[in-house]
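Shown next: model15.txt, given as compact mmCIF, C-alpha atoms.
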# COMPACT_ATOMS: atom_id res chain seq x y z
CA MET M 819 101.04 104.27 109.89
CA PHE M 820 102.69 107.65 109.79
CA VAL M 821 101.45 110.40 112.03
CA SER M 822 103.01 113.12 109.92
CA LYS M 823 101.01 115.41 107.70
CA VAL M 824 102.72 114.20 104.54
CA SER M 825 101.16 110.98 103.29
CA SER M 826 103.41 107.92 103.30
CA LEU M 827 102.26 107.23 99.75
CA ASP M 828 103.74 110.44 98.32
CA THR M 829 106.79 109.34 96.37
CA ASP M 830 107.13 112.02 93.68
CA VAL M 831 110.58 113.53 93.58
CA GLU M 832 109.17 117.01 93.33
CA LYS M 833 107.32 116.54 96.63
CA CYS M 834 110.40 115.31 98.38
CA GLY M 835 112.83 117.71 99.89
CA ASN M 836 115.70 115.55 98.67
CA THR M 837 116.79 115.69 95.05
CA VAL M 838 117.50 111.96 94.91
CA HIS M 839 114.86 109.27 95.29
CA ILE M 840 115.74 106.80 98.03
CA TYR M 841 115.24 103.99 95.51
CA ASP M 842 118.12 105.30 93.41
CA VAL M 843 120.44 105.31 96.43
CA PHE M 844 119.87 101.63 97.20
CA LYS M 845 119.62 100.49 93.58
CA PRO M 846 123.10 98.82 93.57
CA PHE M 847 121.91 96.37 96.23
CA LEU M 848 118.70 95.69 94.32
CA THR M 849 120.52 95.10 91.04
CA ILE M 850 123.01 92.62 92.53
CA LEU M 851 120.29 90.70 94.38
CA ASN M 852 118.19 90.64 91.22
CA ILE M 853 121.11 89.10 89.28
CA ALA M 854 121.50 86.51 92.07
CA GLY M 855 117.94 85.32 91.48
CA LEU M 856 115.95 87.39 94.00
CA HIS M 857 113.25 89.27 92.11
CA MET M 858 113.61 92.84 93.35
CA PRO M 859 111.09 95.73 93.04
CA ILE M 860 113.18 97.49 90.40
CA GLU M 861 111.54 100.06 88.13
CA ARG M 862 111.37 98.52 84.65
CA GLY M 863 109.01 97.72 81.78
CA ARG M 864 106.39 95.00 81.81
CA MET M 865 108.43 92.66 79.59
CA SER M 866 111.60 93.14 81.66
CA ASN M 867 109.63 92.53 84.84
CA ALA M 868 108.18 89.29 83.42
CA MET M 869 111.66 88.12 82.37
CA SER M 870 112.98 88.88 85.86
CA ILE M 871 110.22 86.80 87.44
CA ILE M 872 110.89 83.88 85.08
CA TYR M 873 114.62 84.09 85.79
CA SER M 874 114.03 84.19 89.56
CA VAL M 875 111.66 81.21 89.45
CA PHE M 876 114.16 79.23 87.35
CA ILE M 877 117.02 79.95 89.78
CA HIS M 878 114.95 78.88 92.78
CA ILE M 879 113.78 75.69 91.05
CA VAL M 880 117.39 74.77 90.26
CA LEU M 881 118.50 75.48 93.83
CA TRP M 882 115.63 73.58 95.41
CA SER M 883 116.17 70.64 93.03
CA THR M 884 119.69 70.16 94.39
CA LEU M 885 118.09 68.93 97.61
CA CYS M 886 117.01 65.78 95.73
CA ARG M 887 120.49 64.33 96.18
CA PHE M 888 119.64 63.67 99.83
CA PHE M 889 116.72 61.41 98.88
CA ILE M 890 118.11 59.34 95.98
CA ARG M 891 117.63 55.60 96.46
CA TYR M 892 120.58 53.32 97.08
CA THR M 893 122.59 56.15 98.60
CA ASN M 894 123.43 53.88 101.51
CA GLU M 895 125.18 51.45 99.14
CA VAL M 896 127.97 53.97 98.65
CA TYR M 897 130.05 54.86 101.68
CA THR M 898 130.02 58.58 101.15
CA VAL M 899 129.48 59.98 104.62
CA GLU M 900 130.07 57.84 107.66
CA SER M 901 127.88 59.86 110.04
CA TRP M 902 124.13 60.28 109.58
CA MET M 903 124.52 63.39 111.72
CA ALA M 904 126.70 64.93 109.02
CA VAL M 905 124.09 64.06 106.37
CA LEU M 906 121.35 65.76 108.40
CA SER M 907 123.60 68.79 108.89
CA TYR M 908 124.27 69.12 105.17
CA ALA M 909 120.58 68.75 104.37
CA GLY M 910 119.69 71.34 107.02
CA VAL M 911 122.30 73.80 105.79
CA GLN M 912 121.04 73.70 102.23
CA SER M 913 117.37 73.75 103.28
CA ILE M 914 117.95 76.90 105.33
CA GLY M 915 119.80 78.49 102.42
CA MET M 916 116.91 77.71 100.06
CA TYR M 917 114.32 79.00 102.52
CA PHE M 918 116.42 82.10 103.20
CA GLY M 919 116.48 83.06 99.53
CA SER M 920 112.93 82.14 98.54
CA ALA M 921 111.18 83.60 101.59
CA THR M 922 113.29 86.77 101.56
CA CYS M 923 112.46 87.25 97.88
CA PHE M 924 108.73 87.36 98.73
CA GLY M 925 109.24 89.59 101.78
CA VAL M 926 111.39 92.10 99.93
CA HIS M 927 109.12 92.28 96.89
CA LYS M 928 106.05 92.76 99.08
CA HIS M 929 107.27 95.33 101.61
CA LEU M 930 110.42 97.05 100.31
CA HIS M 931 108.58 99.46 97.98
CA LYS M 932 106.49 100.52 100.98
CA PHE M 933 109.66 101.28 102.91
CA PHE M 934 110.97 103.43 100.04
CA ARG M 935 107.75 105.47 100.04
CA GLN M 936 107.81 105.90 103.80
CA TYR M 937 111.47 106.84 103.91
CA ASP M 938 111.06 109.46 101.17
CA SER M 939 108.11 110.94 103.05
CA TYR M 940 110.05 110.80 106.32
CA ARG M 941 113.04 112.71 104.92
CA ASP M 942 110.72 115.31 103.41
CA THR M 943 108.81 115.83 106.66
CA HIS M 944 111.56 115.77 109.27
CA ALA M 945 115.08 117.09 109.65
CA SER M 946 116.64 113.73 108.83
CA THR M 947 120.27 113.17 109.72
CA MET M 948 120.77 111.16 106.50
CA ASP M 949 120.78 113.33 103.39
CA SER M 950 121.36 111.83 99.93
CA PRO M 951 125.19 112.13 99.97
CA ALA M 952 125.31 110.54 103.43
CA LEU M 953 123.05 107.71 102.28
CA ARG M 954 125.29 107.06 99.28
CA ARG M 955 128.38 106.98 101.49
CA ASN M 956 126.76 104.52 103.88
CA THR M 957 125.57 102.38 100.98
CA ARG M 958 129.14 102.14 99.68
CA LEU M 959 130.34 101.51 103.23
CA PHE M 960 128.37 98.25 103.35
CA LEU M 961 128.43 97.45 99.63
CA PHE M 962 132.20 97.26 99.19
CA PRO M 963 132.86 94.78 102.05
CA ALA M 964 130.03 92.55 100.80
CA ALA M 965 131.48 92.64 97.28
CA PHE M 966 134.95 91.87 98.66
CA VAL M 967 133.62 88.83 100.54
CA VAL M 968 131.76 87.50 97.51
CA ILE M 969 134.46 88.19 94.88
CA ILE M 970 137.61 87.42 96.89
CA CYS M 971 136.96 85.58 100.14
CA VAL M 972 134.27 83.09 99.09
CA PRO M 973 136.13 81.66 96.05
CA ILE M 974 139.33 81.37 98.11
CA LEU M 975 137.41 79.61 100.89
CA TYR M 976 135.77 77.27 98.39
CA PHE M 977 139.01 76.24 96.68
CA MET M 978 140.79 75.85 100.01
CA LEU M 979 138.13 73.77 101.74
CA LEU M 980 135.69 72.27 99.26
CA HIS M 981 137.22 72.05 95.78
CA ASN M 982 139.45 69.06 96.56
CA VAL M 983 136.84 67.20 98.59
CA ASP M 984 135.87 63.84 97.14
CA PRO M 985 132.63 64.30 95.14
CA ALA M 986 131.27 61.16 96.82
CA VAL M 987 131.45 63.04 100.11
CA MET M 988 130.38 66.46 98.85
CA TYR M 989 127.29 65.45 96.89
CA LEU M 990 125.98 62.64 99.12
CA LYS M 991 124.77 60.50 96.26
CA PRO M 992 125.84 57.18 94.67
CA MET M 993 128.66 58.70 92.68
CA LYS M 994 129.94 55.31 91.51
CA LEU M 995 126.81 55.05 89.35
CA LEU M 996 127.91 58.20 87.53
CA PRO M 997 130.89 58.05 85.15
CA ARG M 998 133.93 59.84 86.48
CA GLU M 999 134.10 62.13 83.43
CA TYR M 1000 130.87 63.78 84.61
CA PHE M 1001 132.30 64.73 88.00
CA PRO M 1002 133.69 68.13 86.81
CA VAL M 1003 130.24 69.05 85.46
CA VAL M 1004 128.58 68.11 88.74
CA LYS M 1005 131.21 70.04 90.67
CA ALA M 1006 130.67 73.12 88.46
CA ILE M 1007 126.89 72.96 89.08
CA PHE M 1008 127.54 72.65 92.81
CA PHE M 1009 129.86 75.69 92.76
CA ILE M 1010 127.31 77.84 90.87
CA ALA M 1011 124.52 76.90 93.31
CA TYR M 1012 126.86 77.47 96.26
CA TYR M 1013 127.93 80.86 94.89
CA LEU M 1014 124.37 82.06 94.22
CA ILE M 1015 123.28 81.15 97.75
CA VAL M 1016 126.28 83.00 99.22
CA ILE M 1017 125.61 86.11 97.10
CA GLN M 1018 121.96 86.15 98.16
CA ALA M 1019 122.88 85.75 101.84
CA VAL M 1020 125.81 88.22 101.93
CA PHE M 1021 124.17 91.08 100.05
CA THR M 1022 120.82 90.63 101.80
CA LEU M 1023 122.64 90.78 105.12
CA ALA M 1024 124.59 93.87 104.00
CA PHE M 1025 121.38 95.56 102.83
CA PHE M 1026 119.79 94.79 106.19
CA CYS M 1027 122.78 96.32 107.99
CA VAL M 1028 122.78 99.55 105.98
CA LEU M 1029 119.05 100.10 106.56
CA THR M 1030 119.48 99.35 110.25
CA TYR M 1031 122.36 101.83 110.43
CA CYS M 1032 120.20 104.54 108.85
CA LEU M 1033 117.47 103.97 111.46
CA PHE M 1034 120.11 103.88 114.20
CA LYS M 1035 121.30 107.34 113.12
CA GLU M 1036 117.73 108.69 113.21
CA PHE M 1037 117.25 107.56 116.80
CA LYS M 1038 120.67 108.98 117.69
CA GLN M 1039 119.66 112.36 116.28
CA LEU M 1040 116.41 112.32 118.27
CA ASN M 1041 118.32 111.60 121.46
CA ALA M 1042 120.65 114.51 120.76
CA GLU M 1043 117.67 116.82 120.27
CA LEU M 1044 116.09 115.63 123.52
CA THR M 1045 119.36 116.38 125.32
CA SER M 1046 119.34 120.01 124.24
CA LEU M 1047 115.56 120.50 124.51
CA PHE M 1048 114.87 120.92 128.21
CA GLY M 1049 116.18 124.19 129.58
CA SER M 1050 116.82 125.76 126.18
CA LYS M 1051 113.17 126.35 125.28
CA GLU M 1052 110.19 127.46 127.33
CA GLY M 1053 106.44 127.69 126.98
CA ASP M 1054 104.83 127.12 123.60
CA ALA M 1055 108.21 126.71 121.87
CA GLN M 1056 109.09 123.84 124.17
CA LYS M 1057 105.67 122.22 123.72
CA SER M 1058 105.75 122.36 119.89
CA TYR M 1059 109.35 121.19 119.73
CA LEU M 1060 108.68 118.27 122.07
CA GLU M 1061 105.61 117.25 120.08
CA ARG M 1062 107.63 117.36 116.87
CA ILE M 1063 110.26 115.06 118.37
CA ARG M 1064 107.56 112.65 119.53
CA ARG M 1065 105.98 112.58 116.06
CA GLN M 1066 109.37 111.99 114.44
CA PHE M 1067 110.04 109.21 116.92
CA GLU M 1068 106.77 107.50 115.98
CA ASP M 1069 107.56 107.86 112.29
CA THR M 1070 110.97 106.28 112.87
CA CYS M 1071 109.31 103.40 114.73
CA SER M 1072 107.03 102.95 111.73
CA LEU M 1073 110.11 102.60 109.52
CA VAL M 1074 111.50 99.99 111.91
CA CYS M 1075 108.28 97.96 111.64
CA THR M 1076 108.46 98.05 107.84
CA VAL M 1077 112.11 96.96 107.75
CA ASP M 1078 111.17 94.16 110.16
CA LYS M 1079 108.58 92.94 107.63
CA VAL M 1080 111.09 93.14 104.78
CA PHE M 1081 113.72 91.00 106.54
CA ARG M 1082 111.59 88.90 108.88
CA HIS M 1083 112.46 85.66 107.05
CA MET M 1084 116.19 86.36 107.21
CA ILE M 1085 115.97 87.06 110.94
CA GLY M 1086 113.62 84.13 111.50
CA SER M 1087 115.83 81.66 109.64
CA GLY M 1088 118.72 82.86 111.78
CA TYR M 1089 117.04 82.03 115.06
CA ILE M 1090 114.42 79.35 114.41
CA ALA M 1091 116.42 77.29 111.90
CA SER M 1092 120.12 78.18 112.09
CA VAL M 1093 120.52 77.70 115.84
CA PRO M 1094 119.18 74.08 115.83
CA ILE M 1095 121.38 73.26 112.84
CA ILE M 1096 124.41 74.71 114.61
CA CYS M 1097 123.61 72.51 117.62
CA LEU M 1098 123.28 69.48 115.32
CA MET M 1099 126.65 70.17 113.73
CA LEU M 1100 128.29 70.71 117.10
CA TYR M 1101 126.94 67.35 118.20
CA GLY M 1102 128.50 65.72 115.17
CA LEU M 1103 131.83 67.46 115.71
CA ILE M 1104 132.02 66.57 119.40
CA LYS M 1105 130.50 63.09 119.64
CA ASP M 1106 130.91 61.44 116.22
CA GLU M 1107 134.07 60.07 114.64
CA LEU M 1108 134.10 61.95 111.34
CA MET M 1109 136.39 61.96 108.35
CA LYS M 1110 138.78 64.88 108.00
CA LYS M 1111 136.82 66.20 105.02
CA GLU M 1112 133.61 66.13 107.03
CA TYR M 1113 135.20 68.17 109.80
CA THR M 1114 136.26 70.78 107.23
CA MET M 1115 132.79 71.05 105.71
CA LEU M 1116 130.99 71.17 109.07
CA LEU M 1117 133.29 73.88 110.41
CA THR M 1118 132.71 75.93 107.25
CA CYS M 1119 128.93 75.62 107.64
CA ILE M 1120 129.10 76.54 111.33
CA LEU M 1121 131.16 79.63 110.51
CA PHE M 1122 128.59 80.76 107.92
CA PHE M 1123 125.66 80.41 110.32
CA VAL M 1124 127.50 82.01 113.23
CA ILE M 1125 128.24 85.08 111.07
CA LEU M 1126 124.57 85.27 110.02
CA VAL M 1127 123.21 84.97 113.57
CA VAL M 1128 125.78 87.24 115.23
CA THR M 1129 125.44 90.01 112.63
CA THR M 1130 121.65 90.14 112.76
CA LEU M 1131 121.73 89.86 116.55
CA LEU M 1132 124.19 92.71 117.12
CA ALA M 1133 122.50 95.01 114.60
CA SER M 1134 119.08 94.35 116.13
CA VAL M 1135 120.28 94.82 119.70
CA ALA M 1136 122.08 98.08 118.85
CA LEU M 1137 118.91 99.48 117.26
CA ASN M 1138 116.80 98.40 120.23
CA ILE M 1139 119.18 100.04 122.73
CA LYS M 1140 119.37 103.29 120.80
CA ALA M 1141 115.57 103.50 120.43
CA HIS M 1142 114.93 102.97 124.13
CA SER M 1143 117.75 105.25 125.29
CA SER M 1144 115.38 108.17 124.68
CA LEU M 1145 113.77 107.23 128.00
CA MET M 1146 116.90 108.24 129.88
CA TYR M 1147 116.86 111.75 128.38
CA LEU M 1148 113.16 112.20 129.15
CA LEU M 1149 113.61 111.18 132.80
CA MET M 1150 116.39 113.77 133.19
CA ALA M 1151 113.91 116.61 132.52
CA ASP M 1152 112.89 118.98 135.30
CA PHE M 1153 109.19 118.12 135.48
CA ALA M 1154 108.46 121.02 137.85
CA GLU M 1155 109.41 123.46 135.10
CA LEU M 1156 107.20 121.84 132.43
CA SER M 1157 103.78 123.15 131.52
CA ALA M 1158 100.74 120.90 131.80
CA THR M 1159 100.68 120.28 128.05
CA SER M 1160 104.41 119.52 127.87
CA LEU M 1161 104.13 117.23 130.88
CA ASN M 1162 101.31 115.33 129.19
CA ILE M 1163 103.43 114.87 126.05
CA VAL M 1164 106.33 113.61 128.14
CA ASN M 1165 104.05 111.13 129.94
CA ILE M 1166 102.80 109.79 126.60
CA PHE M 1167 106.37 109.51 125.37
CA ILE M 1168 107.51 107.66 128.50
CA THR M 1169 104.53 105.31 128.37
CA ARG M 1170 105.35 104.48 124.74
CA LEU M 1171 108.94 103.60 125.65
CA THR M 1172 108.16 101.56 128.77
CA THR M 1173 105.14 99.57 127.60
CA THR M 1174 106.31 98.51 124.12
CA LYS M 1175 109.56 97.09 122.79
CA ILE M 1176 110.94 98.80 119.69
CA GLY M 1177 113.06 96.79 117.30
CA TYR M 1178 113.12 93.74 115.09
CA THR M 1179 111.16 90.64 116.00
CA VAL M 1180 111.42 86.93 115.30
CA TYR M 1181 108.14 86.39 113.44
CA ASN M 1182 106.45 88.66 116.02
CA LEU M 1183 107.17 86.10 118.76
CA PHE M 1184 109.57 88.36 120.67
CA THR M 1185 111.61 91.50 120.11
CA ILE M 1186 115.37 91.07 119.84
CA ASP M 1187 117.09 92.90 122.70
CA CYS M 1188 119.98 92.41 125.11
CA SER M 1189 118.27 89.47 126.78
CA THR M 1190 118.39 87.61 123.47
CA ILE M 1191 122.20 87.61 123.59
CA LEU M 1192 122.12 86.08 127.07
CA MET M 1193 119.49 83.55 126.00
CA LEU M 1194 121.42 82.34 122.93
CA THR M 1195 124.79 82.31 124.69
CA GLY M 1196 123.39 80.38 127.66
CA THR M 1197 121.63 77.88 125.40
CA MET M 1198 124.73 77.17 123.31
CA LEU M 1199 127.05 76.86 126.33
CA THR M 1200 124.62 74.56 128.15
CA TYR M 1201 124.27 72.43 125.03
CA VAL M 1202 128.03 72.06 124.61
CA VAL M 1203 128.53 71.22 128.30
CA VAL M 1204 125.82 68.53 128.16
CA ILE M 1205 127.35 66.99 125.04
CA LEU M 1206 130.83 66.94 126.59
CA GLN M 1207 129.45 65.45 129.79
CA PHE M 1208 127.86 62.50 128.02
CA LYS M 1209 130.63 62.02 125.45
CA PRO M 1210 131.90 58.44 125.60
CA ASP M 1211 135.55 57.97 126.57
Go ahead and render the structure in this file as structure tokens.
Amino acid sequence: MFVSKVSSLDTDVEKCGNTVHIYDVFKPFLTILNIAGLHMPIERGRMSNAMSIIYSVFIHIVLWSTLCRFFIRYTNEVYTVESWMAVLSYAGVQSIGMYFGSATCFGVHKHLHKFFRQYDSYRDTHASTMDSPALRRNTRLFLFPAAFVVIICVPILYFMLLHNVDPAVMYLKPMKLLPREYFPVVKAIFFIAYYLIVIQAVFTLAFFCVLTYCLFKEFKQLNAELTSLFGSKEGDAQKSYLERIRRQFEDTCSLVCTVDKVFRHMIGSGYIASVPIICLMLYGLIKDELMKKEYTMLLTCILFFVILVVTTLLASVALNIKAHSSLMYLLMADFAELSATSLNIVNIFITRLTTTKIGYTVYNLFTIDCSTILMLTGTMLTYVVVILQFKPD
């Protein structure tokens, strides 16, 4: 909940100190994700909204139905993939991709409109560092690289690594029961499903990064204000200014909690699902004798998941560090010069920073901070060492 006087539900443009609604700034991301099959909270008529829901449901049914190829009978009669570990890896990769899209669709539709209302109220109430032109520049900053990856890099990667792979290997089904003239159709369906999943993942990740960057800048501004506060103001001016910073800090933390709810499934799939699948694929690469095509596909999947995990991890850790760095500036204050009221505000501020962790969570199990980097790195290195140790000669 916001502690500011302006209600978090006030979204009218005339009540907002900014001439542009925050929804309009981020609309390019919403439009692209909506085209990719993620039903976004876009302002539209009832009929258009119903058509968007039907389209999104159809896309997700098609994507989920492609998992059936892993469970078709008589698959073992065709020597498609020599390693069951590779089969499990492929099934895990696609399952995570399906969960990523479907769960994120629900999370975004449920919580993103709340974030827009809160952010509009926040910018109207406080001296935000991100005005509308700055928000548009940052949106383009993350939008263009995502578009470049989807339009240029992904097709090139597909045609270099996957296009010439034998369909019997790629689709993991008894391809000899299907006439060869149908293989191009199956390959086209696979490419469309593959492309939609990549678009959903890349632009959702880019949207997460731009929102995280905006919150990072807010905490950075608060730290700069704390730096210049003590010694420059005295008495009632210092007390009111310090209380305003504390209120703005709490409002920023409220925005962080909302963004965490919006992207919790993306972050959760990165840690709870992607890391075990990466370990499974590493096991197959190190211990199993795989075909050359299987090595190519597994390395591609590992690269995709590593980018997802590393990006969310670094963005989350950077936000956590910047939020808690306010403690350093508070402890540098000359407490002997503070009034009783100002000292009480500082104590409340310090208690807030030392007793709670601010940042994104993994399904509220733990907050992502610097220790998470050490934990993941240690786990992966230990896993690889154990596999190498017990690898047969």
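The closest residue to Thr1173 in chain M, picked from M:Ala1006, M:Met1150, M:Ile1015, M:Leu1145 and counting only C-alpha atoms, is M:Leu1145.
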Residue neighbourhood Asp1187 in chain M, 9 Å, all atoms listed in the file, exclusion window fewer than 4 positions, as a list in words: Leu1131, Ser1134, Val1135, Ala1136, Leu1137, Asn1138, Ile1139, Lys1175, Gly1177, Tyr1178 and Ile1191 of chain M
Nearest residue to Leu1126 in chain M from the set M:Ile1095, M:Val875, M:Ile974, M:Met1084 (distances using all atoms listed in the file): M:Met1084
Identify, on the basis of all atoms listed in the file, every residue whose closest approach to range 953-959 of chain M does not exceed 12 Å; exclude the query and any residue fewer than 2 positions from it along the same chain; express the result as a ChimeraX atom specification. /M:836,838-848,937,941,946-951,961-966,1021,1024-1033,1035
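Considering the residues M:Ala1133, M:Met1146, M:Leu1040, M:Ile1163 and counting all atoms listed in the file, Ser1058 in chain M has its shortest atom-to-atom contact with M:Ile1163.
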Around the point (110.8, 95.6, 90.6) (coordinates from the file), which residues reach within 12 Å if we count all atoms listed in the file? Answer as a PDB file with C-alpha atoms, in the frame of the given file.
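The result, stored in result39.pdb:
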ATOM      1  CA  TYR M 841     115.240 103.990  95.510  1.00  0.00           C
ATOM      2  CA  LYS M 845     119.620 100.490  93.580  1.00  0.00           C
ATOM      3  CA  LEU M 848     118.700  95.690  94.320  1.00  0.00           C
ATOM      4  CA  THR M 849     120.520  95.100  91.040  1.00  0.00           C
ATOM      5  CA  LEU M 851     120.290  90.700  94.380  1.00  0.00           C
ATOM      6  CA  ASN M 852     118.190  90.640  91.220  1.00  0.00           C
ATOM      7  CA  LEU M 856     115.950  87.390  94.000  1.00  0.00           C
ATOM      8  CA  HIS M 857     113.250  89.270  92.110  1.00  0.00           C
ATOM      9  CA  MET M 858     113.610  92.840  93.350  1.00  0.00           C
ATOM     10  CA  PRO M 859     111.090  95.730  93.040  1.00  0.00           C
ATOM     11  CA  ILE M 860     113.180  97.490  90.400  1.00  0.00           C
ATOM     12  CA  GLU M 861     111.540 100.060  88.130  1.00  0.00           C
ATOM     13  CA  ARG M 862     111.370  98.520  84.650  1.00  0.00           C
ATOM     14  CA  GLY M 863     109.010  97.720  81.780  1.00  0.00           C
ATOM     15  CA  ARG M 864     106.390  95.000  81.810  1.00  0.00           C
ATOM     16  CA  MET M 865     108.430  92.660  79.590  1.00  0.00           C
ATOM     17  CA  SER M 866     111.600  93.140  81.660  1.00  0.00           C
ATOM     18  CA  ASN M 867     109.630  92.530  84.840  1.00  0.00           C
ATOM     19  CA  ALA M 868     108.180  89.290  83.420  1.00  0.00           C
ATOM     20  CA  MET M 869     111.660  88.120  82.370  1.00  0.00           C
ATOM     21  CA  SER M 870     112.980  88.880  85.860  1.00  0.00           C
ATOM     22  CA  ILE M 871     110.220  86.800  87.440  1.00  0.00           C
ATOM     23  CA  SER M 874     114.030  84.190  89.560  1.00  0.00           C
ATOM     24  CA  CYS M 923     112.460  87.250  97.880  1.00  0.00           C
ATOM     25  CA  PHE M 924     108.730  87.360  98.730  1.00  0.00           C
ATOM     26  CA  VAL M 926     111.390  92.100  99.930  1.00  0.00           C
ATOM     27  CA  HIS M 927     109.120  92.280  96.890  1.00  0.00           C
ATOM     28  CA  LYS M 928     106.050  92.760  99.080  1.00  0.00           C
ATOM     29  CA  HIS M 929     107.270  95.330 101.610  1.00  0.00           C
ATOM     30  CA  LEU M 930     110.420  97.050 100.310  1.00  0.00           C
ATOM     31  CA  HIS M 931     108.580  99.460  97.980  1.00  0.00           C
TER      32      HIS M 931
END
